[in-house]
Amino acid sequence: MTTSNPARPVRVVIVDDHAIFRTGLKADLHPAEVEVVGEAGDVDAAIRVIHETEPDVVLLDVHLPGGRGGGGAEVAASCQSLAPEVRFLAISVSDSAEDVVAVIRAGARGYVTKTISGPEVSDAVRRVAGGDAVFSPRLAGFVLDAFGTADVAVRDEELDLLSARELEVMRLIARGFTYREAAKDLFISVRTIETHVSNVLRKLQLSNRHELTRWAGERGLL
C-alpha cells in the first residue's frame, strides 16, 4: 500500500469520461506536488487502474459510464479495501445534494466542482492525501446536513440550534482554522466569521474555541 509522504509528490489517478478534461487537468496540476500515475474513463477501467497503481488520491468524476450504473460512487465503494491509503476526491460539474451525498456515502473524502482552478485542485489533493476532508464552500452544507446533523440529532438536539452556515463555520474553527483562513475557505468576510462564531458559542453555551473543539470532537464532527 502507498502512503502520503510530504517529501514526494502525491500520486494521483484521474477518473473522468472526457479525455480532453483529463488532459487539461493533468496540465493544470502542479508537477512538483502531484504525480499522475494513471487515468480511466469508465467505472470498470477506473476500478482496475486504482487497484493496479494504489495511488494516494483518486480524482473522481461522479457521472461515469460502465459498471452497474453507479458512476463515481460505485468506483469508490468498489475500492474500499484499499482505504485508508487510497483516498477519493470527487470533482464534477454537478453540485446537486444527491450527487454529493451519494459519493461521500461511498467513501469519498471530499467533493469540488469543476469551476475550481488548477492550483486549487493541487491544494485539495494535498489536503485529502493528508487526511483532510475538502469541499467546495456551498457543498459543505449538504454534507453536514446529511452526515453531521442527521447522524447525531437523535442524541444531541444542540445541533438543531445551528444554521447550515454556522455548522460550516463551527467545523472549520473547531478544526483549528484561523478566522482569516475560514473566511477564505468559505468566501466570506472575517467579520462575518466572527459573527457566526459568536452566535455558535452563545447558542451552545461555550466560552471559547477550545471548548468548541472538544464539543465537536465528542460528536464526531471534526
# chains A, B, ... in the order shown; residues from 1 in each chain; ligands from 1

call {"tool": "select_by_dssp", "arguments": {"residues": "chain A", "states": "helix (DSSP H, G or I)", "output": "PyMOL selection string"}}
result
chain A and resi 19-28+43-53+71-78+80-82+97-105+118-129+137-152+157-161+164-174+179-186+190-204+209-218

call {"tool": "residues_around", "arguments": {"residues": "A:Arg68", "least_positions_apart": "3", "cutoff": "10 Å", "atoms": "only C-alpha atoms", "output": "list in words"}}
result
Val43, Asp44, Pro65, Gly71 and Glu74 of chain A

call {"tool": "write_last_selection", "arguments": {"atoms": "C-alpha atoms", "output": "compact mmCIF listing (two decimals), in the first residue's frame"}}
result
# COMPACT_ATOMS: atom_id res chain seq x y z
CA VAL A 43 -16.21 2.56 -13.96
CA ASP A 44 -14.58 -0.76 -14.86
CA PRO A 65 -20.33 5.03 -17.91
CA GLY A 71 -20.81 6.05 -11.55
CA GLU A 74 -19.62 2.68 -7.49

call {"tool": "residues_around", "arguments": {"residues": "A:Asp42", "least_positions_apart": "2", "cutoff": "7 Å", "atoms": "only C-alpha atoms", "output": "list of chain:residue names"}}
result
A:Asp17, A:Ala40, A:Asp44, A:Ala45, A:Ala46, A:Leu64, A:Pro65, A:Gly66

call {"tool": "residues_around", "arguments": {"residues": "stretch 210-218 of chain A", "least_positions_apart": "4", "cutoff": "10 Å", "atoms": "only C-alpha atoms", "output": "PyMOL selection string"}}
result
chain A and resi 170-176+197+200-201+204-206+222

call {"tool": "residues_around", "arguments": {"residues": "A:His51", "least_positions_apart": "5", "cutoff": "12 Å", "atoms": "only C-alpha atoms", "output": "ChimeraX atom specification"}}
result
/A:1-2,13,37-39,44-46,56,58,75-76,78-83,85-86

call {"tool": "write_last_selection", "arguments": {"atoms": "N, CA, C and O atoms", "output": "PDB file, in the first residue's frame"}}
result
ATOM      1  N   MET A   1       0.837  -1.195   0.000  1.00  0.00           N
ATOM      2  CA  MET A   1       0.000   0.000   0.000  1.00  0.00           C
ATOM      3  C   MET A   1       0.878   1.254   0.000  1.00  0.00           C
ATOM      4  O   MET A   1       1.926   1.295   0.650  1.00  0.00           O
ATOM      5  N   THR A   2       0.400   2.297  -0.674  1.00  0.00           N
ATOM      6  CA  THR A   2       1.129   3.545  -0.681  1.00  0.00           C
ATOM      7  C   THR A   2       0.641   4.435   0.437  1.00  0.00           C
ATOM      8  O   THR A   2      -0.487   4.346   0.885  1.00  0.00           O
ATOM      9  N   VAL A  13      -4.624   9.253  -9.469  1.00  0.00           N
ATOM     10  CA  VAL A  13      -5.302   8.692 -10.637  1.00  0.00           C
ATOM     11  C   VAL A  13      -6.467   9.618 -10.970  1.00  0.00           C
ATOM     12  O   VAL A  13      -7.232  10.017 -10.079  1.00  0.00           O
ATOM     13  N   VAL A  37      -0.404   9.032 -11.978  1.00  0.00           N
ATOM     14  CA  VAL A  37       0.125   7.678 -12.211  1.00  0.00           C
ATOM     15  C   VAL A  37      -0.841   6.807 -13.000  1.00  0.00           C
ATOM     16  O   VAL A  37      -0.521   5.656 -13.315  1.00  0.00           O
ATOM     17  N   GLY A  38      -2.021   7.344 -13.311  1.00  0.00           N
ATOM     18  CA  GLY A  38      -2.979   6.577 -14.089  1.00  0.00           C
ATOM     19  C   GLY A  38      -4.222   7.379 -14.366  1.00  0.00           C
ATOM     20  O   GLY A  38      -4.453   8.428 -13.758  1.00  0.00           O
ATOM     21  N   GLU A  39      -5.014   6.908 -15.322  1.00  0.00           N
ATOM     22  CA  GLU A  39      -6.276   7.569 -15.633  1.00  0.00           C
ATOM     23  C   GLU A  39      -7.247   6.559 -16.211  1.00  0.00           C
ATOM     24  O   GLU A  39      -6.840   5.483 -16.682  1.00  0.00           O
ATOM     25  N   ASP A  44     -15.380   0.468 -14.889  1.00  0.00           N
ATOM     26  CA  ASP A  44     -14.585  -0.758 -14.865  1.00  0.00           C
ATOM     27  C   ASP A  44     -13.095  -0.470 -14.987  1.00  0.00           C
ATOM     28  O   ASP A  44     -12.278  -1.050 -14.255  1.00  0.00           O
ATOM     29  N   ALA A  45     -12.726   0.415 -15.915  1.00  0.00           N
ATOM     30  CA  ALA A  45     -11.317   0.762 -16.082  1.00  0.00           C
ATOM     31  C   ALA A  45     -10.784   1.454 -14.839  1.00  0.00           C
ATOM     32  O   ALA A  45      -9.644   1.235 -14.426  1.00  0.00           O
ATOM     33  N   ALA A  46     -11.611   2.290 -14.231  1.00  0.00           N
ATOM     34  CA  ALA A  46     -11.187   3.010 -13.021  1.00  0.00           C
ATOM     35  C   ALA A  46     -10.863   2.044 -11.890  1.00  0.00           C
ATOM     36  O   ALA A  46      -9.813   2.159 -11.241  1.00  0.00           O
ATOM     37  N   ASP A  56      -2.304   7.664  -3.976  1.00  0.00           N
ATOM     38  CA  ASP A  56      -2.664   8.330  -2.723  1.00  0.00           C
ATOM     39  C   ASP A  56      -4.078   8.899  -2.807  1.00  0.00           C
ATOM     40  O   ASP A  56      -4.847   8.828  -1.857  1.00  0.00           O
ATOM     41  N   VAL A  58      -7.536   9.603  -5.614  1.00  0.00           N
ATOM     42  CA  VAL A  58      -8.232   9.435  -6.893  1.00  0.00           C
ATOM     43  C   VAL A  58      -9.103  10.663  -7.118  1.00  0.00           C
ATOM     44  O   VAL A  58      -9.967  10.974  -6.295  1.00  0.00           O
ATOM     45  N   VAL A  75     -17.347   3.317  -8.098  1.00  0.00           N
ATOM     46  CA  VAL A  75     -15.894   3.179  -8.084  1.00  0.00           C
ATOM     47  C   VAL A  75     -15.356   3.265  -6.662  1.00  0.00           C
ATOM     48  O   VAL A  75     -14.569   2.419  -6.218  1.00  0.00           O
ATOM     49  N   ALA A  76     -15.775   4.288  -5.941  1.00  0.00           N
ATOM     50  CA  ALA A  76     -15.283   4.481  -4.571  1.00  0.00           C
ATOM     51  C   ALA A  76     -15.657   3.298  -3.691  1.00  0.00           C
ATOM     52  O   ALA A  76     -14.837   2.789  -2.918  1.00  0.00           O
ATOM     53  N   SER A  78     -16.258   0.254  -4.582  1.00  0.00           N
ATOM     54  CA  SER A  78     -15.585  -0.965  -5.007  1.00  0.00           C
ATOM     55  C   SER A  78     -14.109  -1.001  -4.631  1.00  0.00           C
ATOM     56  O   SER A  78     -13.470  -2.044  -4.757  1.00  0.00           O
ATOM     57  N   CYS A  79     -13.596   0.125  -4.184  1.00  0.00           N
ATOM     58  CA  CYS A  79     -12.164   0.210  -3.839  1.00  0.00           C
ATOM     59  C   CYS A  79     -11.944   0.427  -2.345  1.00  0.00           C
ATOM     60  O   CYS A  79     -10.846   0.810  -1.924  1.00  0.00           O
ATOM     61  N   GLN A  80     -12.966   0.190  -1.540  1.00  0.00           N
ATOM     62  CA  GLN A  80     -12.840   0.438  -0.111  1.00  0.00           C
ATOM     63  C   GLN A  80     -11.832  -0.472   0.569  1.00  0.00           C
ATOM     64  O   GLN A  80     -11.342  -0.166   1.656  1.00  0.00           O
ATOM     65  N   SER A  81     -11.485  -1.608  -0.064  1.00  0.00           N
ATOM     66  CA  SER A  81     -10.471  -2.489   0.521  1.00  0.00           C
ATOM     67  C   SER A  81      -9.092  -1.817   0.546  1.00  0.00           C
ATOM     68  O   SER A  81      -8.206  -2.232   1.293  1.00  0.00           O
ATOM     69  N   LEU A  82      -8.925  -0.758  -0.257  1.00  0.00           N
ATOM     70  CA  LEU A  82      -7.642  -0.046  -0.320  1.00  0.00           C
ATOM     71  C   LEU A  82      -7.572   1.106   0.687  1.00  0.00           C
ATOM     72  O   LEU A  82      -6.525   1.709   0.859  1.00  0.00           O
ATOM     73  N   ALA A  83      -8.685   1.407   1.324  1.00  0.00           N
ATOM     74  CA  ALA A  83      -8.716   2.504   2.302  1.00  0.00           C
ATOM     75  C   ALA A  83      -7.971   2.067   3.565  1.00  0.00           C
ATOM     76  O   ALA A  83      -7.929   0.888   3.901  1.00  0.00           O
ATOM     77  N   GLU A  85      -5.359   4.067   2.755  1.00  0.00           N
ATOM     78  CA  GLU A  85      -4.202   4.529   1.994  1.00  0.00           C
ATOM     79  C   GLU A  85      -4.595   5.236   0.697  1.00  0.00           C
ATOM     80  O   GLU A  85      -3.941   6.175   0.256  1.00  0.00           O
ATOM     81  N   VAL A  86      -5.678   4.756   0.062  1.00  0.00           N
ATOM     82  CA  VAL A  86      -6.197   5.400  -1.147  1.00  0.00           C
ATOM     83  C   VAL A  86      -7.417   6.228  -0.766  1.00  0.00           C
ATOM     84  O   VAL A  86      -8.375   5.701  -0.188  1.00  0.00           O
TER      85      VAL A  86
END

call {"tool": "select_by_dssp", "arguments": {"residues": "stretch 13-185 of chain A", "states": "strand (DSSP E or B)", "output": "list in words"}}
result
Val13, Ile14, Val15, Val34, Glu35, Val36, Val37, Gly38, Glu39, Ala40, Val57, Val58, Leu59, Leu60, Arg87, Phe88, Leu89, Ala90, Ile91, Ser92, Gly110, Tyr111, Val112, Thr113, Val134 and Phe135 of chain A

call {"tool": "write_last_selection", "arguments": {"atoms": "N, CA, C and O atoms", "output": "short mmCIF file (atom, residue, chain, number, x, y, z; two decimals), in the first residue's frame"}}
result
data_model
loop_
_atom_site.label_atom_id
_atom_site.label_comp_id
_atom_site.auth_asym_id
_atom_site.auth_seq_id
_atom_site.Cartn_x
_atom_site.Cartn_y
_atom_site.Cartn_z
N VAL A 13 -4.62 9.25 -9.47
CA VAL A 13 -5.30 8.69 -10.64
C VAL A 13 -6.47 9.62 -10.97
O VAL A 13 -7.23 10.02 -10.08
N ILE A 14 -6.60 9.97 -12.26
CA ILE A 14 -7.70 10.83 -12.71
C ILE A 14 -8.75 9.97 -13.40
O ILE A 14 -8.44 9.22 -14.33
N VAL A 15 -9.98 10.06 -12.92
CA VAL A 15 -11.09 9.28 -13.50
C VAL A 15 -12.15 10.25 -14.02
O VAL A 15 -12.81 10.95 -13.25
N VAL A 34 2.04 17.02 -7.48
CA VAL A 34 1.11 15.97 -7.87
C VAL A 34 1.68 15.18 -9.05
O VAL A 34 2.08 15.75 -10.05
N GLU A 35 1.71 13.86 -8.92
CA GLU A 35 2.17 12.99 -9.99
C GLU A 35 1.00 12.12 -10.45
O GLU A 35 0.45 11.34 -9.66
N VAL A 36 0.61 12.25 -11.71
CA VAL A 36 -0.48 11.44 -12.25
C VAL A 36 0.07 10.08 -12.65
O VAL A 36 0.92 9.98 -13.53
N VAL A 37 -0.40 9.03 -11.98
CA VAL A 37 0.13 7.68 -12.21
C VAL A 37 -0.84 6.81 -13.00
O VAL A 37 -0.52 5.66 -13.32
N GLY A 38 -2.02 7.34 -13.31
CA GLY A 38 -2.98 6.58 -14.09
C GLY A 38 -4.22 7.38 -14.37
O GLY A 38 -4.45 8.43 -13.76
N GLU A 39 -5.01 6.91 -15.32
CA GLU A 39 -6.28 7.57 -15.63
C GLU A 39 -7.25 6.56 -16.21
O GLU A 39 -6.84 5.48 -16.68
N ALA A 40 -8.52 6.90 -16.16
CA ALA A 40 -9.55 6.00 -16.68
C ALA A 40 -10.77 6.81 -17.06
O ALA A 40 -10.98 7.92 -16.56
N VAL A 57 -4.40 9.49 -3.97
CA VAL A 57 -5.69 10.15 -4.16
C VAL A 57 -6.23 9.82 -5.55
O VAL A 57 -5.48 9.77 -6.53
N VAL A 58 -7.54 9.60 -5.61
CA VAL A 58 -8.23 9.44 -6.89
C VAL A 58 -9.10 10.66 -7.12
O VAL A 58 -9.97 10.97 -6.30
N LEU A 59 -8.86 11.38 -8.21
CA LEU A 59 -9.73 12.48 -8.62
C LEU A 59 -10.84 11.86 -9.45
O LEU A 59 -10.61 11.35 -10.54
N LEU A 60 -12.05 11.90 -8.91
CA LEU A 60 -13.13 11.05 -9.40
C LEU A 60 -14.34 11.83 -9.88
O LEU A 60 -14.98 12.54 -9.09
N ARG A 87 -7.37 7.52 -1.06
CA ARG A 87 -8.48 8.41 -0.73
C ARG A 87 -9.09 8.98 -2.01
O ARG A 87 -8.40 9.15 -3.02
N PHE A 88 -10.38 9.31 -1.94
CA PHE A 88 -11.09 9.77 -3.12
C PHE A 88 -11.55 11.21 -2.96
O PHE A 88 -12.10 11.59 -1.93
N LEU A 89 -11.32 12.01 -4.02
CA LEU A 89 -11.79 13.38 -4.08
C LEU A 89 -12.65 13.51 -5.33
O LEU A 89 -12.15 13.39 -6.45
N ALA A 90 -13.94 13.69 -5.13
CA ALA A 90 -14.86 13.84 -6.27
C ALA A 90 -14.68 15.21 -6.90
O ALA A 90 -14.53 16.22 -6.20
N ILE A 91 -14.71 15.25 -8.24
CA ILE A 91 -14.64 16.52 -8.96
C ILE A 91 -15.63 16.43 -10.11
O ILE A 91 -15.56 15.54 -10.94
N SER A 92 -16.61 17.34 -10.12
CA SER A 92 -17.73 17.19 -11.04
C SER A 92 -18.33 18.54 -11.41
O SER A 92 -18.15 19.53 -10.70
N GLY A 110 -13.96 14.11 -0.13
CA GLY A 110 -14.24 15.50 -0.48
C GLY A 110 -14.96 15.58 -1.81
O GLY A 110 -15.11 14.57 -2.53
N TYR A 111 -15.40 16.78 -2.14
CA TYR A 111 -16.16 17.00 -3.37
C TYR A 111 -15.95 18.45 -3.78
O TYR A 111 -16.28 19.36 -3.03
N VAL A 112 -15.40 18.65 -4.99
CA VAL A 112 -15.22 20.00 -5.52
C VAL A 112 -15.83 20.05 -6.91
O VAL A 112 -15.95 19.04 -7.59
N THR A 113 -16.24 21.24 -7.32
CA THR A 113 -16.82 21.40 -8.65
C THR A 113 -15.72 21.75 -9.66
O THR A 113 -14.63 22.19 -9.29
N VAL A 134 -12.28 17.84 2.08
CA VAL A 134 -12.26 19.09 1.31
C VAL A 134 -13.54 19.20 0.49
O VAL A 134 -13.90 18.28 -0.25
N PHE A 135 -14.21 20.35 0.61
CA PHE A 135 -15.44 20.58 -0.15
C PHE A 135 -15.46 22.00 -0.70
O PHE A 135 -14.99 22.93 -0.05
#

call {"tool": "closest_residue", "arguments": {"among": "A:Leu139, A:Ile116, A:Val103, A:Ala108", "to": "A:His63", "atoms": "only C-alpha atoms"}}
result
A:Val103

call {"tool": "closest_residue", "arguments": {"among": "A:Glu166, A:Val121, A:Glu54, A:Thr115", "to": "A:Lys26", "atoms": "only C-alpha atoms"}}
result
A:Val121

call {"tool": "residues_around", "arguments": {"residues": "A:Pro31", "least_positions_apart": "5", "cutoff": "12 Å", "atoms": "only C-alpha atoms", "output": "PyMOL selection string"}}
result
chain A and resi 8-12+25-26+36-37+118-119+122
